[in-house]
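One structure is given here, and the rest of the page talks about it.
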Amino acid sequence: MGDNQPLIDLQLKDPALFRNDAYVDGQWIGAKSGKRFDIIDPGNAQPFASCPDMDASDVDSAVRAAQAAFTSYRTLTPLARSQLLAKWDSLIRANKEDIARILVHETGKPLSEARGEIDYATGFTRWFAGEAERIQGTTYPAALPGRRIFTIKQPIGVVAALVPWNFPIAMVLRKASAALAAGCTMVVKPSPETPLTALTLAYLAEKAGVPKGVLNVLTTTLGNTPALSEALCRHKGVKKVSFTGSTRVGKILSAHCADSLKKLTLELGGNCPFIVFDDANLEQACDALIPLKFRHAGQACITANRVYVQRGIYSKFSQLLASKTRELRVGHGLDEGTTMGALTVPQGLDKTAAQVEDAKEHGGEILTGGKRIELNNGFFFEPTVIAKATPKMKIADEETFGPVLALFEFDTEEEVVRAANNTSMGLASYCFTKNIDRIWRLFENLEAGMIGLNTGNQSSAESPFGGIKDSGYGKESGKDVAINEYLITKTGTLSLEGQY
């Protein structure tokens, strides 16, 4: 067990929000092994807290707690579940500033972005508080006389949520809010880089009155993550798994779930194209692209990776984009004036630098950025724009989880659609044009689960979120579709006597 104190002064208004032990069955506990691991601030590479290093042996007790809680929680009325979510939502909003400070230290993102993530994330608690009361069955006219056919929706059971580090609050709340609204219970495994915010959310859920065992959090290191995740996926008590992360890991988890045919939602990698046509409003396109690309230092699955610009505006757009990119200010997330923070993990620096060097070797021109930044030993890289990009570059094929974008030139709509779709990924695509016919053609012809039409960031609680191809399957957020991921449909057929 930890002493429930950070290694530095986090300057929290309510110090009780800092939790550094795992949360199972309403109890704050350590790992069976007694081991702990450090949490690193990406802005200075210094440890500022520690958490229990749970392993596969810690899984069964958490799942059993969630199973026991499910037997009673599933019987709560939709109104009662809605009220719990609404109370949780209000507590998260009330503690926004403290949660944002913890989030900055975990992820490296600027304080303004941390606040923005909480605003975005509480959209899910608000939305699914309403969805809890919108779960409905159906009736069907029968072909045979004297029959009535109808369906009901019921919660699927215990859910395992495997959550990434780039938007840890939003990803926990997007999954947990839907699950709890449906009547399911959950075991959350946060990323090793960002367990503290998940534990804070569990603490506030407890304060909101969420019954013990309904929401559980297991913290672990990267080394123990594969075994612990596999144990969750293979546990007979777990009926559904929701994962956000890389395509490579998603395929491994899918294999783990296959033996027991578990229901699975996968939100995987991106490599998203962003297309700008001659007739686009270039200011509008740039103002959408800058935050889409450089928010959280480019570490988002839906960020623009490959930017295709039509030949007639290529030079003008490139210079405009480079000029606006130079206005970004890199620094620690809590420093005043910072508009882009550190990368969360040092491996991200290496991959970003490698893609830049590869682009230069293949004739790319660095319009701005291109180098690591030596600042407080943190994981910083300059926001970078590369011109004269070609399909031979790594950045054309690899998802870039860093602050680098490449500008590709194109001539025709047919050509750019082929290039945009020439990837195994299919999460999101973006296009900017004032031709309404072209807008509709692109909406239908681009191979992605979400299409931004003269729009950058398009994720919201009311909008279905999910990809196709190697970007996964299933939907998170949106009306009906998201909560249905946590429900089963049961069909009843009734035969009547003395009625038509």
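Chains: A, B, ... in order of the structure tokens. Residues: from 1 per chain. Ligands: from 1, in order shown.
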Output as JSON lines one row per residue of segment 392-472 of chain A within 10 Å of segment 97-120 of chain A: the closest atom pair and its distance in Å to one decimal place, counting only C-alpha atoms, sorted by chain and residue number ascending.
```
{"residue": "A:Ser459", "atom": "CA", "partner": "A:Tyr120", "partner_atom": "CA", "distance": 8.8}
{"residue": "A:Ser460", "atom": "CA", "partner": "A:Tyr120", "partner_atom": "CA", "distance": 7.2}
{"residue": "A:Ala461", "atom": "CA", "partner": "A:Tyr120", "partner_atom": "CA", "distance": 7.9}
```
Output file for the residues above (all heavy atoms, as a short mmCIF file (atom, residue, chain, number, x, y, z; two decimals), in the first residue's frame):
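And here is the file that came out, again.cif:
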```cif
data_model
loop_
_atom_site.label_atom_id
_atom_site.label_comp_id
_atom_site.auth_asym_id
_atom_site.auth_seq_id
_atom_site.Cartn_x
_atom_site.Cartn_y
_atom_site.Cartn_z
N SER A 459 -14.93 14.51 -33.01
CA SER A 459 -15.34 13.59 -31.97
C SER A 459 -16.19 14.30 -30.92
O SER A 459 -15.82 15.36 -30.42
CB SER A 459 -14.12 12.97 -31.29
OG SER A 459 -14.52 12.08 -30.27
N SER A 460 -17.35 13.71 -30.60
CA SER A 460 -18.22 14.25 -29.57
C SER A 460 -19.10 13.13 -29.05
O SER A 460 -19.24 12.08 -29.69
CB SER A 460 -19.09 15.39 -30.13
OG SER A 460 -19.91 14.92 -31.18
N ALA A 461 -19.69 13.35 -27.90
CA ALA A 461 -20.48 12.30 -27.24
C ALA A 461 -21.65 11.85 -28.09
O ALA A 461 -22.03 10.68 -28.08
CB ALA A 461 -20.97 12.79 -25.88
#
```
- Query: What's the 6 Å shell around segment 164-180 of chain A, counting only C-alpha atoms, without same-chain residues fewer than 4 positions away, as a PyMOL selection string?
  - Reply: chain A and resi 121+124-125+128+184+191+194+245+483+486
Could you write out that same residue set with all heavy atoms as a PDB file, in the first residue's frame?
```pdb
ATOM      1  N   ALA A 121     -14.536  14.894 -22.035  1.00  0.00           N
ATOM      2  CA  ALA A 121     -14.826  13.622 -21.365  1.00  0.00           C
ATOM      3  C   ALA A 121     -16.152  13.654 -20.619  1.00  0.00           C
ATOM      4  O   ALA A 121     -16.904  12.667 -20.613  1.00  0.00           O
ATOM      5  CB  ALA A 121     -13.686  13.270 -20.401  1.00  0.00           C
ATOM      6  N   PHE A 124     -19.389  12.623 -22.180  1.00  0.00           N
ATOM      7  CA  PHE A 124     -19.816  11.219 -22.169  1.00  0.00           C
ATOM      8  C   PHE A 124     -20.634  10.892 -20.927  1.00  0.00           C
ATOM      9  O   PHE A 124     -21.642  10.187 -21.016  1.00  0.00           O
ATOM     10  CB  PHE A 124     -18.595  10.302 -22.261  1.00  0.00           C
ATOM     11  CG  PHE A 124     -17.815  10.483 -23.530  1.00  0.00           C
ATOM     12  CD1 PHE A 124     -16.500  10.908 -23.498  1.00  0.00           C
ATOM     13  CD2 PHE A 124     -18.399  10.247 -24.764  1.00  0.00           C
ATOM     14  CE1 PHE A 124     -15.776  11.095 -24.657  1.00  0.00           C
ATOM     15  CE2 PHE A 124     -17.685  10.429 -25.938  1.00  0.00           C
ATOM     16  CZ  PHE A 124     -16.370  10.860 -25.887  1.00  0.00           C
ATOM     17  N   THR A 125     -20.215  11.394 -19.762  1.00  0.00           N
ATOM     18  CA  THR A 125     -21.026  11.136 -18.565  1.00  0.00           C
ATOM     19  C   THR A 125     -22.402  11.786 -18.700  1.00  0.00           C
ATOM     20  O   THR A 125     -23.418  11.187 -18.335  1.00  0.00           O
ATOM     21  CB  THR A 125     -20.299  11.652 -17.308  1.00  0.00           C
ATOM     22  OG1 THR A 125     -19.738  12.942 -17.569  1.00  0.00           O
ATOM     23  CG2 THR A 125     -19.203  10.709 -16.873  1.00  0.00           C
ATOM     24  N   PHE A 128     -24.433   9.715 -21.565  1.00  0.00           N
ATOM     25  CA  PHE A 128     -24.883   8.365 -21.203  1.00  0.00           C
ATOM     26  C   PHE A 128     -25.790   8.367 -19.976  1.00  0.00           C
ATOM     27  O   PHE A 128     -26.536   7.402 -19.771  1.00  0.00           O
ATOM     28  CB  PHE A 128     -23.689   7.434 -21.036  1.00  0.00           C
ATOM     29  CG  PHE A 128     -23.078   7.046 -22.348  1.00  0.00           C
ATOM     30  CD1 PHE A 128     -21.853   7.558 -22.752  1.00  0.00           C
ATOM     31  CD2 PHE A 128     -23.750   6.204 -23.217  1.00  0.00           C
ATOM     32  CE1 PHE A 128     -21.306   7.231 -23.979  1.00  0.00           C
ATOM     33  CE2 PHE A 128     -23.220   5.855 -24.439  1.00  0.00           C
ATOM     34  CZ  PHE A 128     -21.986   6.377 -24.833  1.00  0.00           C
ATOM     35  N   CYS A 184     -24.000  -2.595 -16.761  1.00  0.00           N
ATOM     36  CA  CYS A 184     -22.832  -3.475 -16.645  1.00  0.00           C
ATOM     37  C   CYS A 184     -21.911  -2.993 -15.526  1.00  0.00           C
ATOM     38  O   CYS A 184     -21.991  -1.847 -15.082  1.00  0.00           O
ATOM     39  CB  CYS A 184     -22.046  -3.484 -17.952  1.00  0.00           C
ATOM     40  SG  CYS A 184     -22.931  -4.157 -19.370  1.00  0.00           S
ATOM     41  N   SER A 191      -3.435   2.714 -18.798  1.00  0.00           N
ATOM     42  CA  SER A 191      -2.060   2.615 -19.276  1.00  0.00           C
ATOM     43  C   SER A 191      -1.082   2.804 -18.120  1.00  0.00           C
ATOM     44  O   SER A 191      -1.363   3.563 -17.183  1.00  0.00           O
ATOM     45  CB  SER A 191      -1.818   3.674 -20.349  1.00  0.00           C
ATOM     46  OG  SER A 191      -0.453   3.744 -20.685  1.00  0.00           O
ATOM     47  N   THR A 194      -0.450   6.471 -17.250  1.00  0.00           N
ATOM     48  CA  THR A 194      -1.502   7.383 -16.775  1.00  0.00           C
ATOM     49  C   THR A 194      -2.526   6.696 -15.871  1.00  0.00           C
ATOM     50  O   THR A 194      -3.733   6.779 -16.119  1.00  0.00           O
ATOM     51  CB  THR A 194      -2.221   8.017 -17.982  1.00  0.00           C
ATOM     52  OG1 THR A 194      -2.719   6.945 -18.824  1.00  0.00           O
ATOM     53  CG2 THR A 194      -1.309   8.899 -18.796  1.00  0.00           C
ATOM     54  N   GLY A 245      -6.246   1.359 -28.683  1.00  0.00           N
ATOM     55  CA  GLY A 245      -4.799   1.249 -28.771  1.00  0.00           C
ATOM     56  C   GLY A 245      -4.359   0.895 -30.172  1.00  0.00           C
ATOM     57  O   GLY A 245      -5.061   1.163 -31.157  1.00  0.00           O
ATOM     58  N   ILE A 483     -24.263   2.382 -26.648  1.00  0.00           N
ATOM     59  CA  ILE A 483     -24.753   1.635 -25.494  1.00  0.00           C
ATOM     60  C   ILE A 483     -25.121   0.210 -25.887  1.00  0.00           C
ATOM     61  O   ILE A 483     -25.029  -0.721 -25.072  1.00  0.00           O
ATOM     62  CB  ILE A 483     -25.941   2.373 -24.836  1.00  0.00           C
ATOM     63  CG1 ILE A 483     -26.100   1.901 -23.377  1.00  0.00           C
ATOM     64  CG2 ILE A 483     -27.228   2.222 -25.629  1.00  0.00           C
ATOM     65  CD1 ILE A 483     -26.958   2.814 -22.534  1.00  0.00           C
ATOM     66  N   TYR A 486     -22.872  -2.720 -25.117  1.00  0.00           N
ATOM     67  CA  TYR A 486     -22.856  -3.270 -23.760  1.00  0.00           C
ATOM     68  C   TYR A 486     -24.158  -3.997 -23.420  1.00  0.00           C
ATOM     69  O   TYR A 486     -24.404  -4.306 -22.258  1.00  0.00           O
ATOM     70  CB  TYR A 486     -22.599  -2.148 -22.759  1.00  0.00           C
ATOM     71  CG  TYR A 486     -21.264  -1.491 -22.966  1.00  0.00           C
ATOM     72  CD1 TYR A 486     -21.120  -0.407 -23.845  1.00  0.00           C
ATOM     73  CD2 TYR A 486     -20.124  -1.967 -22.328  1.00  0.00           C
ATOM     74  CE1 TYR A 486     -19.884   0.178 -24.066  1.00  0.00           C
ATOM     75  CE2 TYR A 486     -18.889  -1.392 -22.532  1.00  0.00           C
ATOM     76  CZ  TYR A 486     -18.775  -0.322 -23.410  1.00  0.00           C
ATOM     77  OH  TYR A 486     -17.540   0.255 -23.624  1.00  0.00           O
TER      78      TYR A 486
END
```
- Message: as JSON, numbers by chain, please: the residues near Val217 of chain A (cut-off 8 Å, only C-alpha atoms, same-chain neighbours under 5 positions excluded).
- Response: {"A": [22, 23, 24, 187, 188, 189, 190, 198, 199, 202]}
Preceding selection exported with N, CA, C and O atoms as a tab-separated table (two decimals), in the first residue's frame:
```tsv
chain	number	residue	atom	x	y	z
A	22	ALA	N	-4.53	0.68	-6.22
A	22	ALA	CA	-5.57	0.12	-7.08
A	22	ALA	C	-6.91	0.12	-6.34
A	22	ALA	O	-6.96	0.24	-5.10
A	23	TYR	N	-7.99	0.01	-7.10
A	23	TYR	CA	-9.33	0.10	-6.51
A	23	TYR	C	-10.14	-1.12	-6.92
A	23	TYR	O	-10.46	-1.30	-8.10
A	24	VAL	N	-10.43	-1.98	-5.95
A	24	VAL	CA	-11.15	-3.23	-6.21
A	24	VAL	C	-12.20	-3.44	-5.13
A	24	VAL	O	-11.88	-3.39	-3.93
A	187	VAL	N	-14.07	-3.59	-15.08
A	187	VAL	CA	-12.69	-3.59	-14.59
A	187	VAL	C	-11.86	-2.80	-15.59
A	187	VAL	O	-11.79	-3.16	-16.77
A	188	VAL	N	-11.27	-1.70	-15.13
A	188	VAL	CA	-10.47	-0.83	-15.99
A	188	VAL	C	-8.99	-1.13	-15.79
A	188	VAL	O	-8.53	-1.22	-14.65
A	189	LYS	N	-8.28	-1.30	-16.90
A	189	LYS	CA	-6.82	-1.35	-16.83
A	189	LYS	C	-6.28	-0.12	-17.55
A	189	LYS	O	-6.22	-0.07	-18.78
A	190	PRO	N	-5.89	0.91	-16.81
A	190	PRO	CA	-5.33	2.11	-17.46
A	190	PRO	C	-3.92	1.84	-17.96
A	190	PRO	O	-3.28	0.86	-17.58
A	198	ALA	N	-7.28	7.74	-13.72
A	198	ALA	CA	-8.30	6.69	-13.64
A	198	ALA	C	-8.68	6.43	-12.18
A	198	ALA	O	-9.86	6.21	-11.86
A	199	LEU	N	-7.69	6.46	-11.30
A	199	LEU	CA	-7.97	6.24	-9.88
A	199	LEU	C	-8.75	7.41	-9.28
A	199	LEU	O	-9.63	7.22	-8.42
A	202	ALA	N	-12.28	6.88	-10.21
A	202	ALA	CA	-12.88	5.84	-9.36
A	202	ALA	C	-13.24	6.40	-7.99
A	202	ALA	O	-14.30	6.08	-7.43
```
Can you tell me, as a short mmCIF file (atom, residue, chain, number, x, y, z; two decimals) with N, CA and C atoms, in the first residue's frame, what residues are no more than 6 Å from Val238 of chain A when counting only C-alpha atoms, ignoring any on the same chain fewer than 2 positions away?
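The file below, selection15.cif, is the result:
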```cif
data_model
loop_
_atom_site.label_atom_id
_atom_site.label_comp_id
_atom_site.auth_asym_id
_atom_site.auth_seq_id
_atom_site.Cartn_x
_atom_site.Cartn_y
_atom_site.Cartn_z
N VAL A 158 -19.97 -8.33 -16.96
CA VAL A 158 -18.72 -7.68 -16.58
C VAL A 158 -17.94 -7.30 -17.85
N VAL A 159 -17.44 -6.08 -17.88
CA VAL A 159 -16.69 -5.56 -19.02
C VAL A 159 -15.26 -5.24 -18.58
N HIS A 235 -10.69 -14.50 -18.96
CA HIS A 235 -11.47 -14.84 -17.77
C HIS A 235 -12.92 -15.12 -18.15
N LYS A 236 -13.45 -16.22 -17.67
CA LYS A 236 -14.82 -16.60 -18.02
C LYS A 236 -15.86 -15.63 -17.48
N LYS A 240 -17.35 -8.97 -22.03
CA LYS A 240 -17.03 -8.05 -23.12
C LYS A 240 -15.72 -7.35 -22.82
#
```
For Glu382 of chain A, list every protein, DNA or RNA residue within 12 Å, evaluated using only C-alpha atoms, and leave out those in the same chain fewer than 5 positions away; present the list as a short mmCIF file (atom, residue, chain, number, x, y, z; two decimals) with N, CA and C atoms, in the first residue's frame.
```cif
data_model
loop_
_atom_site.label_atom_id
_atom_site.label_comp_id
_atom_site.auth_asym_id
_atom_site.auth_seq_id
_atom_site.Cartn_x
_atom_site.Cartn_y
_atom_site.Cartn_z
N PHE A 294 -1.54 19.02 -33.93
CA PHE A 294 -0.57 19.28 -32.86
C PHE A 294 -1.16 19.23 -31.46
N ALA A 297 0.66 17.10 -28.86
CA ALA A 297 1.88 16.82 -29.61
C ALA A 297 1.68 15.74 -30.68
N GLY A 298 0.49 15.73 -31.28
CA GLY A 298 0.22 14.80 -32.37
C GLY A 298 -0.08 13.39 -31.93
N THR A 325 2.20 27.20 -37.73
CA THR A 325 2.85 26.19 -36.89
C THR A 325 3.95 26.83 -36.03
N ARG A 326 4.65 27.81 -36.61
CA ARG A 326 5.74 28.47 -35.87
C ARG A 326 5.21 29.25 -34.67
N GLU A 327 3.92 29.53 -34.62
CA GLU A 327 3.35 30.28 -33.51
C GLU A 327 3.15 29.41 -32.26
N LEU A 328 3.25 28.08 -32.42
CA LEU A 328 3.10 27.20 -31.27
C LEU A 328 4.26 27.38 -30.30
N ARG A 329 3.97 27.30 -29.01
CA ARG A 329 5.00 27.46 -27.99
C ARG A 329 5.11 26.16 -27.20
N VAL A 330 6.30 25.56 -27.24
CA VAL A 330 6.54 24.26 -26.62
C VAL A 330 7.10 24.45 -25.22
N GLY A 331 6.58 23.67 -24.27
CA GLY A 331 7.09 23.75 -22.91
C GLY A 331 6.36 22.79 -21.99
N THR A 339 1.62 26.05 -25.53
CA THR A 339 0.51 25.61 -26.38
C THR A 339 0.74 24.20 -26.94
N MET A 340 1.95 23.67 -26.79
CA MET A 340 2.21 22.26 -27.11
C MET A 340 3.17 21.70 -26.09
N GLY A 341 2.81 20.58 -25.48
CA GLY A 341 3.62 20.01 -24.43
C GLY A 341 4.55 18.92 -24.92
N ALA A 342 4.97 18.09 -23.99
CA ALA A 342 5.90 17.00 -24.28
C ALA A 342 5.16 15.80 -24.87
N LEU A 343 5.91 14.94 -25.56
CA LEU A 343 5.39 13.63 -25.89
C LEU A 343 5.33 12.83 -24.59
N LEU A 349 9.60 10.09 -29.14
CA LEU A 349 10.65 10.95 -29.67
C LEU A 349 11.47 10.24 -30.73
N THR A 352 9.43 9.74 -33.98
CA THR A 352 9.25 11.02 -34.67
C THR A 352 10.54 11.43 -35.37
N ALA A 353 11.65 11.35 -34.65
CA ALA A 353 12.94 11.73 -35.24
C ALA A 353 13.29 10.84 -36.43
N VAL A 356 11.32 11.89 -39.51
CA VAL A 356 11.85 13.13 -40.08
C VAL A 356 13.12 12.85 -40.88
N ILE A 366 12.13 20.40 -44.95
CA ILE A 366 11.62 20.78 -43.64
C ILE A 366 11.27 22.27 -43.68
N LEU A 367 9.98 22.58 -43.63
CA LEU A 367 9.55 23.98 -43.66
C LEU A 367 9.67 24.62 -42.29
N THR A 368 9.47 23.84 -41.25
CA THR A 368 9.66 24.34 -39.89
C THR A 368 9.84 23.15 -38.96
N GLY A 369 10.60 23.34 -37.89
CA GLY A 369 10.81 22.27 -36.92
C GLY A 369 11.83 21.24 -37.37
N GLY A 370 11.59 19.99 -36.96
CA GLY A 370 12.45 18.89 -37.39
C GLY A 370 13.45 18.41 -36.38
N LYS A 371 13.48 19.01 -35.19
CA LYS A 371 14.52 18.64 -34.22
C LYS A 371 13.92 18.38 -32.83
N ARG A 372 14.64 17.60 -32.05
CA ARG A 372 14.34 17.46 -30.62
C ARG A 372 14.63 18.77 -29.91
N ILE A 373 13.94 18.98 -28.80
CA ILE A 373 14.17 20.18 -27.99
C ILE A 373 14.73 19.75 -26.65
N GLU A 374 15.87 20.28 -26.29
CA GLU A 374 16.48 19.99 -24.99
C GLU A 374 15.89 20.95 -23.96
N LEU A 375 14.99 20.45 -23.12
CA LEU A 375 14.32 21.30 -22.15
C LEU A 375 13.98 20.48 -20.91
N GLY A 402 3.24 11.73 -33.16
CA GLY A 402 4.15 12.80 -32.81
C GLY A 402 3.82 14.05 -33.61
N PRO A 403 4.48 15.17 -33.31
CA PRO A 403 4.13 16.46 -33.90
C PRO A 403 4.75 16.70 -35.28
N VAL A 404 4.50 15.79 -36.19
CA VAL A 404 5.05 15.89 -37.54
C VAL A 404 3.94 15.64 -38.56
N LEU A 405 3.87 16.50 -39.59
CA LEU A 405 2.96 16.22 -40.70
C LEU A 405 3.70 16.43 -42.01
#
```
- Task: Mind the document's chain letters and residue numbers, and return as a ChimeraX atom specification the residues of segment 195-343 of chain A that DSSP labels helix (DSSP H, G or I).
- Result: /A:195-208,225-234,247-258,282-298,311-325
Go through segment 251-288 of chain A residue by residue and, counting only C-alpha atoms, keep those with an atom at most 12 Å from segment 392-397 of chain A; for each kept residue give the shortest atom pair and its distance in Å to one decimal, ordered by chain and increasing number, as a Markdown table.
```
| residue | atom | partner | partner_atom | distance |
| --- | --- | --- | --- | --- |
| A:Gly269 | CA | A:Asp397 | CA | 11.8 |
| A:Gly270 | CA | A:Asp397 | CA | 10.4 |
| A:Asn271 | CA | A:Asp397 | CA | 7.4 |
| A:Cys272 | CA | A:Ala396 | CA | 10.0 |
| A:Pro273 | CA | A:Ala396 | CA | 9.6 |
```
Prev. selection, N, CA and C atoms, output as an mmCIF file, in the first residue's frame:
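Once written, again_1.cif looks like this:
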```cif
data_model
loop_
_atom_site.group_PDB
_atom_site.id
_atom_site.type_symbol
_atom_site.label_atom_id
_atom_site.label_comp_id
_atom_site.auth_asym_id
_atom_site.auth_seq_id
_atom_site.Cartn_x
_atom_site.Cartn_y
_atom_site.Cartn_z
ATOM 1 N N GLY A 269 -5.582 1.985 -34.663
ATOM 2 C CA GLY A 269 -4.735 3.027 -35.224
ATOM 3 C C GLY A 269 -5.362 3.844 -36.340
ATOM 4 N N GLY A 270 -4.673 4.937 -36.708
ATOM 5 C CA GLY A 270 -5.199 5.877 -37.677
ATOM 6 C C GLY A 270 -4.436 5.961 -38.987
ATOM 7 N N ASN A 271 -3.454 6.857 -39.103
ATOM 8 C CA ASN A 271 -2.802 7.233 -40.365
ATOM 9 C C ASN A 271 -3.794 7.952 -41.269
ATOM 10 N N CYS A 272 -4.431 8.976 -40.709
ATOM 11 C CA CYS A 272 -5.572 9.630 -41.355
ATOM 12 C C CYS A 272 -5.138 10.658 -42.395
ATOM 13 N N PRO A 273 -5.797 10.657 -43.563
ATOM 14 C CA PRO A 273 -5.512 11.661 -44.590
ATOM 15 C C PRO A 273 -6.320 12.936 -44.373
#
```
- Query: Please, which residues of segment 328-425 of chain A, numbered as in this document, come out strand (DSSP E or B) from DSSP, as a ChimeraX atom specification?
  - Reply: /A:330,340,365-368,372-373,380-381,384-387,404-410
- Task: Can you pull out every residue within 12 Å of Ala482 of chain A, counting only C-alpha atoms, but drop anything in the same chain fewer than 2 positions away, and send it as a PyMOL selection string?
- Result: chain A and resi 124+127-128+131-132+135+174-179+181-182+242+265+461-466+473-480+484-487
Skip Leu427 of chain A itself and residues of its chain fewer than 6 positions away, then list as a PDB file with C-alpha atoms, in the first residue's frame all residues within 9 Å of it, counting only C-alpha atoms.
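Saved to selection-v5.pdb:
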```pdb
ATOM      1  CA  GLU A 267     -10.727   1.379 -31.557  1.00  0.00           C
ATOM      2  CA  LEU A 268      -7.324   1.090 -33.202  1.00  0.00           C
ATOM      3  CA  GLY A 269      -4.735   3.027 -35.224  1.00  0.00           C
ATOM      4  CA  GLY A 270      -5.199   5.877 -37.677  1.00  0.00           C
ATOM      5  CA  ASN A 271      -2.802   7.233 -40.365  1.00  0.00           C
ATOM      6  CA  CYS A 272      -5.572   9.630 -41.355  1.00  0.00           C
ATOM      7  CA  CYS A 301      -5.483   8.249 -33.290  1.00  0.00           C
ATOM      8  CA  ILE A 302      -7.651  10.636 -35.329  1.00  0.00           C
ATOM      9  CA  GLU A 447     -12.570   4.494 -46.740  1.00  0.00           C
ATOM     10  CA  ALA A 448     -12.882   5.491 -43.112  1.00  0.00           C
ATOM     11  CA  GLY A 449     -15.408   5.212 -40.332  1.00  0.00           C
ATOM     12  CA  MET A 450     -15.562   8.984 -39.802  1.00  0.00           C
ATOM     13  CA  ILE A 451     -15.239  11.727 -42.413  1.00  0.00           C
ATOM     14  CA  PHE A 465     -16.975   7.009 -33.074  1.00  0.00           C
ATOM     15  CA  GLY A 466     -15.189   4.080 -34.704  1.00  0.00           C
ATOM     16  CA  GLY A 467     -13.240   2.899 -37.720  1.00  0.00           C
ATOM     17  CA  ILE A 468     -13.153   0.243 -40.414  1.00  0.00           C
ATOM     18  CA  LYS A 469     -10.451  -1.967 -41.940  1.00  0.00           C
ATOM     19  CA  ASP A 470      -7.465  -2.337 -39.569  1.00  0.00           C
ATOM     20  CA  SER A 471      -8.757   0.538 -37.435  1.00  0.00           C
ATOM     21  CA  GLY A 472     -11.147  -1.800 -35.646  1.00  0.00           C
TER      22      GLY A 472
END
```
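With only C-alpha atoms as the atoms that count, the minimum distance from Glu414 of chain A to the choices A:Lys388, A:Arg147, A:Lys251, A:Arg441 is reached by A:Arg441.
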